[in-house]
Structures are given as structure tokens and as C-alpha cells.
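Containing mmCIF, C-alpha atoms: upload-v4.cif.
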data_model
#
loop_
_atom_site.label_atom_id
_atom_site.label_comp_id
_atom_site.auth_asym_id
_atom_site.auth_seq_id
_atom_site.Cartn_x
_atom_site.Cartn_y
_atom_site.Cartn_z
CA MET O 1 75.06 2.81 -11.33
CA THR O 2 75.05 4.55 -14.68
CA ASP O 3 74.22 8.23 -14.23
CA THR O 4 71.34 8.13 -16.72
CA ALA O 5 70.05 11.57 -15.81
CA GLU O 6 73.39 13.13 -16.78
CA GLN O 7 74.74 11.15 -19.71
CA ASP O 8 73.91 11.49 -23.38
CA GLU O 9 71.86 8.51 -24.56
CA ARG O 10 73.35 8.76 -28.05
CA VAL O 11 76.47 6.59 -28.26
CA PRO O 12 78.59 5.27 -31.15
CA ASP O 13 77.02 2.53 -33.24
CA GLU O 14 79.82 0.11 -32.37
CA ASP O 15 78.82 0.19 -28.71
CA PRO O 16 77.04 -3.13 -27.98
CA GLY O 17 74.21 -1.38 -26.20
CA ALA O 18 73.85 1.50 -28.65
CA ARG O 19 70.84 0.12 -30.49
CA LEU O 20 68.96 -0.64 -27.30
CA ARG O 21 69.67 2.81 -25.89
CA ALA O 22 68.55 4.42 -29.14
CA ARG O 23 65.31 2.41 -29.04
CA ARG O 24 64.75 3.39 -25.41
CA LEU O 25 65.22 7.08 -26.18
CA ALA O 26 62.97 6.93 -29.25
CA ALA O 27 60.27 5.08 -27.32
CA HIS O 28 60.50 7.57 -24.49
CA ARG O 29 60.20 10.57 -26.79
CA GLY O 30 57.20 9.10 -28.59
CA ALA O 31 55.41 7.72 -25.55
CA ARG O 32 51.98 8.94 -24.55
CA ARG O 33 52.64 8.21 -20.90
CA VAL O 34 55.89 8.38 -18.92
CA LEU O 35 56.76 8.94 -15.28
CA ALA O 36 59.23 11.72 -16.13
CA ARG O 37 60.16 13.70 -19.24
CA PHE O 38 63.69 15.06 -19.05
CA GLY O 39 64.94 18.08 -20.90
CA PHE O 40 68.12 16.35 -22.02
CA HIS O 41 65.95 14.03 -24.13
CA GLN O 42 64.73 17.00 -26.17
CA THR O 43 65.95 18.56 -29.41
CA LEU O 44 67.82 21.84 -29.46
CA ARG O 45 64.71 23.58 -30.74
CA GLU O 46 62.66 22.15 -27.88
CA ARG O 47 65.28 23.18 -25.35
CA LEU O 48 65.36 26.73 -26.64
CA ALA O 49 61.56 26.84 -26.52
CA ALA O 50 61.83 25.89 -22.85
CA LEU O 51 63.14 29.41 -22.21
CA ASP O 52 59.79 30.83 -23.21
CA GLY O 53 58.56 32.77 -20.26
CA ALA O 54 62.03 33.73 -19.06
CA ARG O 55 60.82 37.34 -19.04
CA ASP O 56 58.77 36.35 -15.98
CA VAL O 57 61.92 35.71 -13.94
CA TYR O 58 64.39 38.26 -15.33
CA ASP O 59 64.32 41.50 -17.31
CA LEU O 60 65.32 40.44 -20.82
CA ASP O 61 66.02 44.04 -21.78
CA GLU O 62 69.02 44.01 -19.46
CA LEU O 63 72.46 43.44 -21.01
CA SER O 64 73.57 39.82 -21.12
CA ASP O 65 76.07 38.55 -18.57
CA VAL O 66 79.82 38.91 -18.94
CA TYR O 67 82.01 36.77 -16.70
CA GLY O 68 79.36 36.24 -14.08
CA ASP O 69 77.55 39.51 -13.73
CA GLY O 70 73.94 40.39 -14.59
CA VAL O 71 71.62 37.40 -14.69
CA VAL O 72 74.25 35.14 -13.12
CA GLU O 73 74.50 37.45 -10.13
CA ALA O 74 70.72 37.49 -9.89
CA LEU O 75 70.69 33.69 -9.78
CA GLU O 76 73.38 33.64 -7.09
CA SER O 77 71.40 36.07 -4.94
CA LYS O 78 68.26 33.96 -5.38
CA VAL O 79 70.05 30.79 -4.26
CA ALA O 80 71.64 32.46 -1.24
CA ALA O 81 68.21 33.74 -0.18
CA LEU O 82 66.58 30.32 -0.60
CA LEU O 83 69.31 28.56 1.39
CA GLY O 84 69.68 31.30 3.98
CA THR O 85 73.42 31.77 3.38
CA GLU O 86 75.47 34.95 3.16
CA ALA O 87 76.46 34.36 -0.46
CA ALA O 88 76.47 31.89 -3.34
CA ALA O 89 78.62 31.43 -6.44
CA PHE O 90 77.54 29.93 -9.77
CA PHE O 91 79.66 27.07 -11.13
CA PRO O 92 79.40 25.30 -14.49
CA THR O 93 79.51 21.88 -12.78
CA GLY O 94 78.98 20.39 -9.36
CA THR O 95 82.26 18.47 -9.64
CA MET O 96 84.11 21.78 -9.83
CA ALA O 97 82.03 23.45 -7.14
CA GLN O 98 82.70 20.74 -4.57
CA GLN O 99 86.39 20.42 -5.34
CA VAL O 100 86.74 24.16 -4.87
CA ALA O 101 84.71 24.21 -1.66
CA LEU O 102 86.66 21.44 -0.03
CA ARG O 103 89.97 22.79 -1.27
CA CYS O 104 89.13 26.12 0.36
CA TRP O 105 88.16 24.42 3.60
CA ALA O 106 91.39 22.38 3.56
CA GLY O 107 93.37 25.59 3.32
CA ARG O 108 91.50 27.00 6.29
CA THR O 109 91.64 23.91 8.51
CA GLY O 110 95.11 22.82 7.46
CA ASP O 111 93.78 19.30 6.85
CA PRO O 112 93.18 18.03 3.28
CA THR O 113 91.40 14.88 4.49
CA VAL O 114 87.71 14.67 3.55
CA ALA O 115 85.52 12.06 5.22
CA LEU O 116 82.66 10.87 3.04
CA HIS O 117 80.53 7.86 2.15
CA ALA O 118 82.03 5.21 -0.12
CA LEU O 119 78.96 5.62 -2.37
CA GLY O 120 79.32 9.40 -2.52
CA HIS O 121 79.35 10.98 -5.95
CA PRO O 122 83.06 11.96 -5.83
CA GLU O 123 84.04 8.38 -5.02
CA VAL O 124 81.86 6.72 -7.66
CA HIS O 125 81.45 9.13 -10.56
CA GLU O 126 84.36 11.60 -10.65
CA ARG O 127 87.48 9.57 -11.55
CA ASN O 128 89.29 10.28 -8.28
CA ALA O 129 89.08 14.02 -8.91
CA PHE O 130 89.48 14.92 -5.25
CA THR O 131 92.92 13.31 -5.22
CA GLU O 132 94.07 13.80 -8.80
CA VAL O 133 92.97 17.43 -9.20
CA GLY O 134 92.01 18.85 -5.84
CA GLY O 135 94.94 17.63 -3.75
CA LEU O 136 92.47 16.22 -1.25
CA ARG O 137 92.59 12.91 0.59
CA PRO O 138 89.20 11.17 0.75
CA VAL O 139 88.54 8.62 3.50
CA ARG O 140 85.43 6.48 3.65
CA VAL O 141 83.37 6.70 6.82
CA THR O 142 81.22 3.74 5.75
CA SER O 143 80.33 1.68 2.69
CA GLU O 144 76.94 0.56 3.99
CA PRO O 145 74.04 1.47 1.64
CA ARG O 146 72.64 4.06 4.06
CA PRO O 147 73.67 7.46 5.39
CA PRO O 148 76.58 7.46 7.84
CA THR O 149 75.71 7.46 11.52
CA ALA O 150 76.85 9.82 14.26
CA ALA O 151 78.73 6.96 15.92
CA GLU O 152 80.64 6.21 12.71
CA VAL O 153 81.65 9.84 12.38
CA ARG O 154 82.53 10.25 16.05
CA ASP O 155 84.52 6.99 16.23
CA PHE O 156 86.25 7.12 12.85
CA GLU O 157 89.85 6.08 13.37
CA GLU O 158 91.49 8.85 11.33
CA PRO O 159 91.43 12.63 11.74
CA PHE O 160 89.71 14.64 9.01
CA GLY O 161 89.24 18.30 8.32
CA ALA O 162 85.86 18.12 6.58
CA LEU O 163 82.86 15.82 6.55
CA MET O 164 80.96 15.65 3.27
CA LEU O 165 77.36 14.43 3.40
CA GLU O 166 75.43 13.65 0.20
CA LEU O 167 71.76 14.52 0.70
CA PRO O 168 70.13 12.35 -0.52
CA LEU O 169 72.66 9.55 -1.06
CA ARG O 170 71.84 8.72 -4.66
CA ASP O 171 73.69 5.43 -5.20
CA ALA O 172 72.19 3.92 -2.06
CA GLY O 173 68.68 4.59 -3.38
CA PHE O 174 68.24 8.34 -2.90
CA VAL O 175 68.14 7.79 0.85
CA LEU O 176 68.14 10.45 3.56
CA PRO O 177 68.66 10.35 7.31
CA THR O 178 65.93 11.59 9.58
CA TRP O 179 66.25 15.18 10.79
CA GLU O 180 67.36 13.93 14.21
CA GLU O 181 69.98 11.63 12.66
CA LEU O 182 71.28 14.44 10.46
CA THR O 183 71.67 16.85 13.35
CA GLU O 184 73.47 14.16 15.36
CA VAL O 185 75.90 13.44 12.52
CA VAL O 186 76.67 17.14 12.13
CA ALA O 187 77.19 17.48 15.88
CA ALA O 188 79.58 14.50 15.82
CA ALA O 189 81.66 16.20 13.13
CA ARG O 190 81.71 19.43 15.13
CA GLU O 191 82.98 17.48 18.16
CA ARG O 192 85.97 16.55 16.01
CA ASP O 193 86.50 20.18 14.95
CA ALA O 194 85.63 19.31 11.36
CA VAL O 195 83.69 21.51 8.97
CA VAL O 196 80.57 20.08 7.34
CA HIS O 197 79.83 20.34 3.62
CA PHE O 198 76.56 19.16 2.10
CA ASP O 199 76.62 17.59 -1.35
CA GLY O 200 73.10 18.82 -1.97
CA ALA O 201 72.80 18.11 -5.67
CA ARG O 202 69.26 16.95 -4.90
CA LEU O 203 68.77 18.92 -1.70
CA TRP O 204 65.79 20.77 -3.19
CA GLU O 205 63.51 17.74 -2.85
CA SER O 206 64.76 16.67 0.60
CA THR O 207 62.47 18.97 2.59
CA VAL O 208 59.55 16.52 2.67
CA HIS O 209 61.42 13.65 4.31
CA LEU O 210 63.47 15.88 6.63
CA GLY O 211 60.41 17.91 7.56
CA ARG O 212 62.32 21.19 7.53
CA PRO O 213 62.57 24.14 5.10
CA LEU O 214 65.59 24.56 2.86
CA GLU O 215 67.23 27.30 4.90
CA GLU O 216 67.05 25.25 8.10
CA ILE O 217 68.58 22.21 6.40
CA ALA O 218 71.34 24.26 4.75
CA GLY O 219 71.92 26.06 8.05
CA LEU O 220 73.34 22.89 9.59
CA ALA O 221 76.33 22.92 7.23
CA ASP O 222 79.28 25.24 6.74
CA SER O 223 78.79 25.10 2.97
CA VAL O 224 76.28 23.61 0.55
CA TYR O 225 76.36 22.68 -3.13
CA VAL O 226 73.14 22.49 -5.14
CA SER O 227 72.50 21.45 -8.73
CA PHE O 228 70.18 23.23 -11.14
CA TYR O 229 69.45 20.43 -13.61
CA LYS O 230 68.87 17.24 -11.66
CA SER O 231 65.43 18.25 -10.39
CA LEU O 232 64.92 21.80 -11.60
CA GLU O 233 65.31 20.92 -15.31
CA ALA O 234 67.83 23.69 -16.03
CA PHE O 235 70.35 23.33 -18.85
CA GLY O 236 73.12 22.65 -16.32
CA GLY O 237 75.07 24.46 -13.67
CA ALA O 238 75.46 24.45 -9.91
CA ALA O 239 75.96 26.79 -6.99
CA LEU O 240 78.16 26.80 -3.92
CA ALA O 241 76.57 28.59 -0.97
CA GLY O 242 78.01 29.54 2.38
CA PRO O 243 79.80 32.31 4.30
CA ARG O 244 80.69 35.36 2.21
CA GLU O 245 84.41 35.00 2.88
CA LEU O 246 84.42 31.37 1.71
CA VAL O 247 82.40 32.16 -1.41
CA THR O 248 84.76 35.02 -2.29
CA GLN O 249 87.71 32.64 -2.04
CA ALA O 250 85.81 30.05 -4.06
CA ARG O 251 85.31 32.55 -6.87
CA ALA O 252 89.09 32.93 -7.17
CA TRP O 253 89.51 29.16 -7.38
CA ARG O 254 86.64 28.95 -9.87
CA HIS O 255 88.69 31.22 -12.15
CA ARG O 256 91.80 29.06 -11.68
CA TYR O 257 89.81 25.93 -12.52
CA GLY O 258 88.51 27.48 -15.75
CA GLY O 259 84.99 27.92 -14.45
CA LEU O 260 84.69 31.67 -15.03
CA VAL O 261 82.80 31.34 -18.31
CA PHE O 262 82.37 34.38 -20.59
CA GLN O 263 78.57 34.09 -20.93
CA GLN O 264 76.15 31.72 -19.25
CA PHE O 265 72.79 33.44 -19.63
CA PRO O 266 70.91 30.49 -21.18
CA THR O 267 71.84 28.23 -18.27
CA ALA O 268 71.23 30.95 -15.68
CA LEU O 269 67.81 31.79 -17.13
CA SER O 270 66.84 28.12 -17.22
CA ALA O 271 67.91 27.80 -13.57
CA LEU O 272 65.80 30.80 -12.57
CA LEU O 273 62.86 29.25 -14.41
CA GLY O 274 63.44 25.97 -12.58
CA LEU O 275 63.44 27.72 -9.22
CA GLU O 276 60.23 29.50 -10.17
CA ARG O 277 58.35 26.59 -11.76
CA GLU O 278 59.74 23.28 -10.55
CA LEU O 279 60.92 23.98 -7.00
CA PRO O 280 57.41 24.63 -5.64
CA ARG O 281 56.17 21.39 -7.21
CA LEU O 282 58.81 19.05 -5.79
CA PRO O 283 56.80 18.12 -2.66
CA GLU O 284 53.95 17.10 -4.96
CA TYR O 285 56.31 14.88 -6.94
CA VAL O 286 57.64 13.29 -3.75
CA ALA O 287 54.13 12.54 -2.55
CA HIS O 288 53.18 10.93 -5.85
CA ALA O 289 56.41 8.93 -5.99
CA ARG O 290 55.18 7.21 -2.85
CA VAL O 291 51.93 6.32 -4.61
CA VAL O 292 53.88 4.93 -7.56
CA ALA O 293 56.23 2.94 -5.32
CA ALA O 294 53.35 1.32 -3.43
CA ALA O 295 51.59 0.43 -6.70
CA LEU O 296 54.80 -1.10 -8.07
CA ARG O 297 55.06 -3.39 -5.04
CA GLU O 298 51.40 -4.36 -5.39
CA GLY O 299 51.78 -4.94 -9.11
CA PHE O 300 54.77 -7.25 -8.79
CA ALA O 301 53.06 -9.22 -6.03
CA ALA O 302 49.89 -9.61 -8.13
CA ALA O 303 51.94 -10.67 -11.17
CA GLY O 304 53.61 -13.46 -9.22
CA THR O 305 57.13 -12.10 -9.56
CA PRO O 306 59.36 -14.40 -7.48
CA TRP O 307 61.05 -11.48 -5.74
CA ALA O 308 60.94 -7.71 -6.17
CA ARG O 309 62.18 -4.82 -4.11
CA VAL O 310 61.25 -1.16 -4.19
CA HIS O 311 63.90 0.78 -2.28
CA PRO O 312 63.21 2.66 -0.12
CA GLU O 313 59.76 1.14 0.40
CA VAL O 314 58.51 4.64 1.06
CA PRO O 315 60.68 6.88 -1.14
CA HIS O 316 62.54 9.68 0.60
CA THR O 317 62.44 11.85 -2.52
CA HIS O 318 60.77 11.62 -5.94
CA ASP O 319 63.47 9.14 -7.07
CA PHE O 320 63.94 5.55 -5.91
CA GLN O 321 65.23 2.13 -7.00
CA VAL O 322 63.57 -1.06 -8.22
CA TRP O 323 65.44 -4.37 -7.84
CA LEU O 324 64.46 -7.55 -9.73
CA PRO O 325 66.02 -11.04 -9.90
CA TYR O 326 66.76 -11.11 -13.63
CA GLU O 327 69.65 -10.33 -15.93
CA PRO O 328 69.80 -6.63 -16.91
CA GLY O 329 69.50 -7.38 -20.62
CA VAL O 330 66.28 -9.35 -20.14
CA LEU O 331 64.69 -6.52 -18.18
CA ALA O 332 65.92 -3.83 -20.55
CA GLU O 333 64.47 -5.60 -23.59
CA ALA O 334 61.11 -6.17 -21.87
CA ALA O 335 60.94 -2.52 -20.83
CA VAL O 336 61.71 -1.23 -24.32
CA LEU O 337 59.28 -3.62 -25.99
CA ALA O 338 56.51 -2.53 -23.64
CA ALA O 339 57.23 1.12 -24.37
CA GLU O 340 57.35 0.58 -28.14
CA GLU O 341 54.16 -1.47 -28.32
CA THR O 342 51.98 0.31 -25.77
CA GLY O 343 53.31 3.87 -25.71
CA VAL O 344 53.65 3.58 -21.93
CA VAL O 345 57.09 3.85 -20.32
CA LEU O 346 57.26 2.29 -16.88
CA PHE O 347 61.04 1.82 -16.69
CA GLY O 348 62.81 4.44 -18.77
CA ASN O 349 66.33 4.03 -17.41
CA ALA O 350 69.04 1.44 -17.86
CA TRP O 351 69.22 -1.69 -15.72
CA ASP O 352 72.52 -2.34 -13.95
CA ARG O 353 73.84 -5.67 -12.70
CA ARG O 354 74.14 -5.94 -8.93
CA GLY O 355 74.88 -9.64 -8.65
CA PRO O 356 74.25 -12.96 -10.45
CA GLY O 357 70.77 -12.69 -11.92
CA LEU O 358 70.09 -9.45 -10.04
CA ALA O 359 69.55 -6.00 -11.54
CA VAL O 360 68.51 -2.54 -10.40
CA THR O 361 67.09 0.52 -12.09
CA GLU O 362 66.11 4.00 -11.00
CA VAL O 363 62.57 5.36 -11.18
CA HIS O 364 62.00 9.11 -11.41
CA VAL O 365 58.63 10.78 -10.88
CA ARG O 366 58.13 14.28 -12.24
CA SER O 367 55.16 16.29 -13.54
CA ALA O 368 54.32 13.73 -16.24
CA GLY O 369 54.07 11.07 -13.56
CA LEU O 370 51.25 12.87 -11.82
CA GLU O 371 48.94 11.62 -14.58
CA TRP O 372 49.42 8.02 -13.43
CA THR O 373 46.96 6.47 -11.01
CA ALA O 374 47.93 3.52 -8.85
CA GLY O 375 45.84 1.37 -11.19
CA ASP O 376 47.82 2.62 -14.19
CA VAL O 377 51.04 1.59 -12.49
CA ARG O 378 49.74 -1.88 -11.60
CA ALA O 379 48.54 -2.43 -15.17
CA ALA O 380 51.93 -1.39 -16.57
CA VAL O 381 53.67 -3.78 -14.19
CA ALA O 382 51.45 -6.65 -15.32
CA ASP O 383 52.23 -5.91 -18.97
CA PHE O 384 55.96 -5.66 -18.22
CA VAL O 385 56.14 -8.94 -16.28
CA ALA O 386 54.17 -10.74 -19.01
CA ARG O 387 56.93 -9.83 -21.48
CA LEU O 388 59.65 -11.53 -19.47
CA PRO O 389 60.70 -14.91 -20.95
CA GLU O 390 58.75 -17.80 -19.46
CA GLN O 391 61.88 -19.69 -18.47
CA VAL O 392 63.11 -16.69 -16.49
CA ARG O 393 59.81 -16.20 -14.67
#
Represent the supplied structure as C-alpha cells.
Amino acid sequence: MTDTAEQDERVPDEDPGARLRARRLAAHRGARRVLARFGFHQTLRERLAALDGARDVYDLDELSDVYGDGVVEALESKVAALLGTEAAAFFPTGTMAQQVALRCWAGRTGDPTVALHALGHPEVHERNAFTEVGGLRPVRVTSEPRPPTAAEVRDFEEPFGALMLELPLRDAGFVLPTWEELTEVVAAARERDAVVHFDGARLWESTVHLGRPLEEIAGLADSVYVSFYKSLEAFGGAALAGPRELVTQARAWRHRYGGLVFQQFPTALSALLGLERELPRLPEYVAHARVVAAALREGFAAAGTPWARVHPEVPHTHDFQVWLPYEPGVLAEAAVLAAEETGVVLFGNAWDRRGPGLAVTEVHVRSAGLEWTAGDVRAAVADFVARLPEQVR
């Protein structure tokens, strides 16, 4: 699935979908009602204005950072405290953070093999970086659109030095295991003398479904990566958290990978703001995403849609998928037209083909989505379905 929360919507005019994407972005920016407003849709001026209030999270009279000191160190300490780890290191990207983490673990275990899900971010979105850059050997525990099971980990036919678990598994629908399932999977890896690394890009919002605080979740793993922009609305950046000795080694590899950036204070400040402002609200977003998901199902049923799927039926986080039996282009045009003509954006992301006449999109619920009632969602669904061509319906 296209990583719409990470890519720039502005593409060259010769791209066949450029005009549609430009319309979608313009409609989203001008809409009076959306389920989520993302910072990367804003102008530079708007993004800079987002730092207003940074004095509430850091002393702006301090000198700016140089190669990771100052405000960057403050952010690292904050993350380590939240996750209950000995230390944390700031990285410019999650791709780099996880390559470094698993490379360090491979050096310690003597085994470069990393077991992970076939739908894991490194396998789908990183151009074989583990192999091409990191010298790692990924093996796929399962390709089923769900988290791996303890039995699959325990019975996997090849040895591996590290197990990587993406929490939640985004390309399967932002799905999470239960707390019991997660502890069993970790125990199965330990039985095989493997270390456990959490791809926790969206770990922040996983506490509701797992029913445990962040530090208890992170405490299951040997190392954890978290992102600052996917849910916290920072400008970018990531952190690798774990034992002090591992993090110290990771800092050396961060330098070798080109990740020791001269100054990063805007990103670090935005991350501190996200931890202060957005992190406490994530459970509220998750709860309302479940209201939205239920209303979507009701709306499609009332509109007579031949088949519709909200996945998971009860979202595990504040993000989930919607599947419909139409061509992606038909759905994309209907969604944009509805947004342009009503000022209401129900589906603000791209639709991806998942089979003949079958498409899927992602729905994100953030602070703007809290304004929607279940009735608002059902009304938007009715308007959307009415815009689908008669012959398709």
C-alpha cells in the first residue's frame, strides 16, 4: 500500500495520477471537516508556526544543538524514560535506526538472520535495505495478514538471531496481537535464543488494545524503535531505545551511516511538542476511531453497498482499513468529488488495488476527527456511495 502518511502528495505533472492527487490535497486543505489533518499537508509557514509553544517543553534560551547534544539529548532522555529503557538515541529516519539496531544485534549474536513478517515495513517499503545496506538476511515467519503466532516462531524451520515484530502491523490493517499473544511470541523467540526487536513506529497508540503502559510493552523487547511523526505530528525523526551498551554502539553506527546530523533542533522540538500534546490524546483518538469504524459499516449497509469491509472491525489503533468492491480510480474520483463539493473529506488517502474490482484505503482518526458524530459519518458515506457510477453499484 502506498505510504500516504510519508510521501509528498506533489508529483510531476506527467504522472498520470498527478492531477487527482493535487485535487485531493487541495480539497483536504480547504475542507471544513476531515478525520485527520496532517502536518505534511501544510505550508512551510504553517509548519514553522507549529513550533509556537516550544518554550513550554524546552528552554529556548539554551544554545542550539550541535551533533546531537542539547535539545536532542533532552529528547533522548524523555523517550528512554517513557519506554523504561536505559538509553535512547535519536535517528533521522526509522529505516536507519532499525538497520543499525539489527546490525548491532547481529554482531553480538553472530547471526545476521532476522525473522520478520512478510508485510513488515523493511520487506515492503525499504528496497531490500536490510540485505543491500545492512548485511542482514531477512526470513519471513509468515505472510498471513495478521501478527505472527508463537507456534510459527517456535517452529520456524531456519535459525535466526533476531525476531522483529512490527507493532502494529500496518500493511495488514494496523493490527496488533493481544497482550497474551505478544508475550507468548516473545517467549518463543527467547526459547530459540533470539533477541527481540520491536518495530514500534506506531507503538505510542498501541497501549489501548494491549491494555498495558508503554514501559511494560517496551520491556518485553531487547530494543525498540519509535517514530516521532506518524502519530505525534513531529517534523520527522525516530529513536532507538534499549540497553545503554547497545545504544552506545548504535550511536557509532549512526555516525557511519551519515545520521549524525549537525543540527536537528526543529525536529527535536517538534518531537518534544508531540510527546507533550499528542501522546496523551492518542487513547481518545483510538476510542473515537472505533466509533467511526462502526458508523462506516452502518453507513455502507444502509446505502446498499454490495459488499464493504472495515478492517479490523474494531480498530486496534486510531488507523484502520476500508475495503470496497470497486476499481481504485472510481473510488478515488468519488471521494475527491465529495470533498470538493461538500467540504467534507471522508476518504482522504489513495485507494490501492487488491484484486480485480477490489480496492483498499486507510482511514486515520486524529483530533479533527473528534468533531464527527456517528451520524456525520453515516451521512458522508451515503453521499459518497451516491457518487459512484450507477453501473458499478
Residues picked by the PyMOL selection byres ((chain O and resi 228) around 8) here, as a tab-separated table (two decimals) with C-alpha atoms, keeping the file's coordinate frame?
chain	number	residue	atom	x	y	z
O	201	ALA	CA	72.80	18.11	-5.67
O	226	VAL	CA	73.14	22.49	-5.14
O	227	SER	CA	72.50	21.45	-8.73
O	229	TYR	CA	69.45	20.43	-13.61
O	230	LYS	CA	68.87	17.24	-11.66
O	231	SER	CA	65.43	18.25	-10.39
O	232	LEU	CA	64.92	21.80	-11.60
O	233	GLU	CA	65.31	20.92	-15.31
O	234	ALA	CA	67.83	23.69	-16.03
O	235	PHE	CA	70.35	23.33	-18.85
O	236	GLY	CA	73.12	22.65	-16.32
O	237	GLY	CA	75.07	24.46	-13.67
O	238	ALA	CA	75.46	24.45	-9.91
O	239	ALA	CA	75.96	26.79	-6.99
O	271	ALA	CA	67.91	27.80	-13.57
O	274	GLY	CA	63.44	25.97	-12.58
Contact table range 212-246 of chain O vs range 97-105 of chain O, cut-off 9 Å, shortest pair per residue, all atoms listed in the file, as CSV:
residue,atom,partner,partner_atom,distance
O:Ser223,CA,O:Ala101,CA,7.6
O:Val224,CA,O:Gln98,CA,8.7
O:Tyr225,CA,O:Gln98,CA,6.8
O:Ala238,CA,O:Ala97,CA,7.2
O:Ala239,CA,O:Ala97,CA,6.9
O:Leu240,CA,O:Ala97,CA,6.0
O:Leu246,CA,O:Cys104,CA,7.2
Checklist entry - Which residues match the PyMOL selection byres ((chain O and resi 60-72) around 8) in the file above, as number ranges by chain? => result O: 54-55, 58-59, 73-76, 90, 260-265, 268-269
Next on the checklist: Once the PyMOL selection byres ((chain O and resi 126-132) around 9) has been evaluated on this model, what residues remain selected, and can you format them as a PyMOL selection string?
Outcome noted: chain O and resi 95+98-99+102-103+114+121-125+133-138
Item to check | Distance in Å - CA of Glu313 in chain O versus CA of Ala287 in chain O | outcome: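 Going from CA of Glu313 in chain O over to CA of Ala287 in chain O, I get 13.1 Å.
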Item to check | Length of the CA of Trp253 in chain O to CA of Gly110 in chain O vector [Å] | outcome: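 For CA of Trp253 in chain O relative to CA of Gly110 in chain O, the distance reads 17.1 Å.
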Checklist entry - CA of Arg140 in chain O and CA of Ala118 in chain O, how far apart in Å? => result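 Distance reported for this atom pair: 5.2 Å.
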Item to check | Radius query 9 Å about (71.1, -6.6, -19.9), atoms used: all atoms listed in the file, as a PyMOL selection string | outcome: chain O and resi 17+326-333+350-353+359
Using only C-alpha atoms, what does the table of range 210-310 of chain O residues within 8 Å of range 181-196 of chain O look like, with each row giving the shortest atom pair and its distance in Å to one decimal, sorted by chain and ascending number, as CSV?
residue,atom,partner,partner_atom,distance
O:Leu220,CA,O:Val186,CA,7.1
O:Ala221,CA,O:Val196,CA,5.1
O:Asp222,CA,O:Val196,CA,5.4
O:Ser223,CA,O:Val196,CA,6.9
Repair of range 369-382 of chain O at the level of N, CA, C and O atoms, as a short mmCIF file (atom, residue, chain, number, x, y, z; two decimals), in the frame of the given file:
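For reference, selection_0.cif as written:
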data_model
loop_
_atom_site.label_atom_id
_atom_site.label_comp_id
_atom_site.auth_asym_id
_atom_site.auth_seq_id
_atom_site.Cartn_x
_atom_site.Cartn_y
_atom_site.Cartn_z
N GLY O 369 54.49 12.20 -14.37
CA GLY O 369 54.07 11.07 -13.56
C GLY O 369 52.81 11.31 -12.76
O GLY O 369 52.16 10.35 -12.30
N LEU O 370 52.45 12.56 -12.59
CA LEU O 370 51.25 12.87 -11.82
C LEU O 370 49.99 12.38 -12.52
O LEU O 370 48.94 12.24 -11.89
N GLU O 371 50.09 12.11 -13.82
CA GLU O 371 48.94 11.62 -14.58
C GLU O 371 48.63 10.16 -14.28
O GLU O 371 47.54 9.68 -14.58
N TRP O 372 49.59 9.45 -13.69
CA TRP O 372 49.42 8.02 -13.43
C TRP O 372 48.62 7.81 -12.15
O TRP O 372 48.94 8.37 -11.11
N THR O 373 47.62 6.95 -12.22
CA THR O 373 46.96 6.47 -11.01
C THR O 373 47.67 5.21 -10.54
O THR O 373 48.48 4.61 -11.27
N ALA O 374 47.36 4.78 -9.34
CA ALA O 374 47.93 3.52 -8.85
C ALA O 374 47.52 2.36 -9.76
O ALA O 374 48.32 1.45 -10.03
N GLY O 375 46.29 2.41 -10.27
CA GLY O 375 45.84 1.37 -11.19
C GLY O 375 46.63 1.36 -12.49
O GLY O 375 46.92 0.29 -13.04
N ASP O 376 46.99 2.53 -12.99
CA ASP O 376 47.82 2.62 -14.19
C ASP O 376 49.16 1.94 -13.97
O ASP O 376 49.67 1.22 -14.84
N VAL O 377 49.74 2.19 -12.80
CA VAL O 377 51.04 1.59 -12.49
C VAL O 377 50.92 0.08 -12.41
O VAL O 377 51.74 -0.66 -12.98
N ARG O 378 49.91 -0.42 -11.73
CA ARG O 378 49.74 -1.88 -11.60
C ARG O 378 49.52 -2.53 -12.96
O ARG O 378 50.06 -3.61 -13.23
N ALA O 379 48.78 -1.87 -13.83
CA ALA O 379 48.54 -2.43 -15.17
C ALA O 379 49.83 -2.46 -15.97
O ALA O 379 50.09 -3.43 -16.70
N ALA O 380 50.65 -1.42 -15.85
CA ALA O 380 51.93 -1.39 -16.57
C ALA O 380 52.88 -2.46 -16.06
O ALA O 380 53.62 -3.08 -16.83
N VAL O 381 52.84 -2.71 -14.75
CA VAL O 381 53.67 -3.78 -14.19
C VAL O 381 53.24 -5.13 -14.74
O VAL O 381 54.07 -5.97 -15.13
N ALA O 382 51.95 -5.38 -14.80
CA ALA O 382 51.45 -6.65 -15.32
C ALA O 382 51.89 -6.86 -16.76
O ALA O 382 52.32 -7.97 -17.14
#
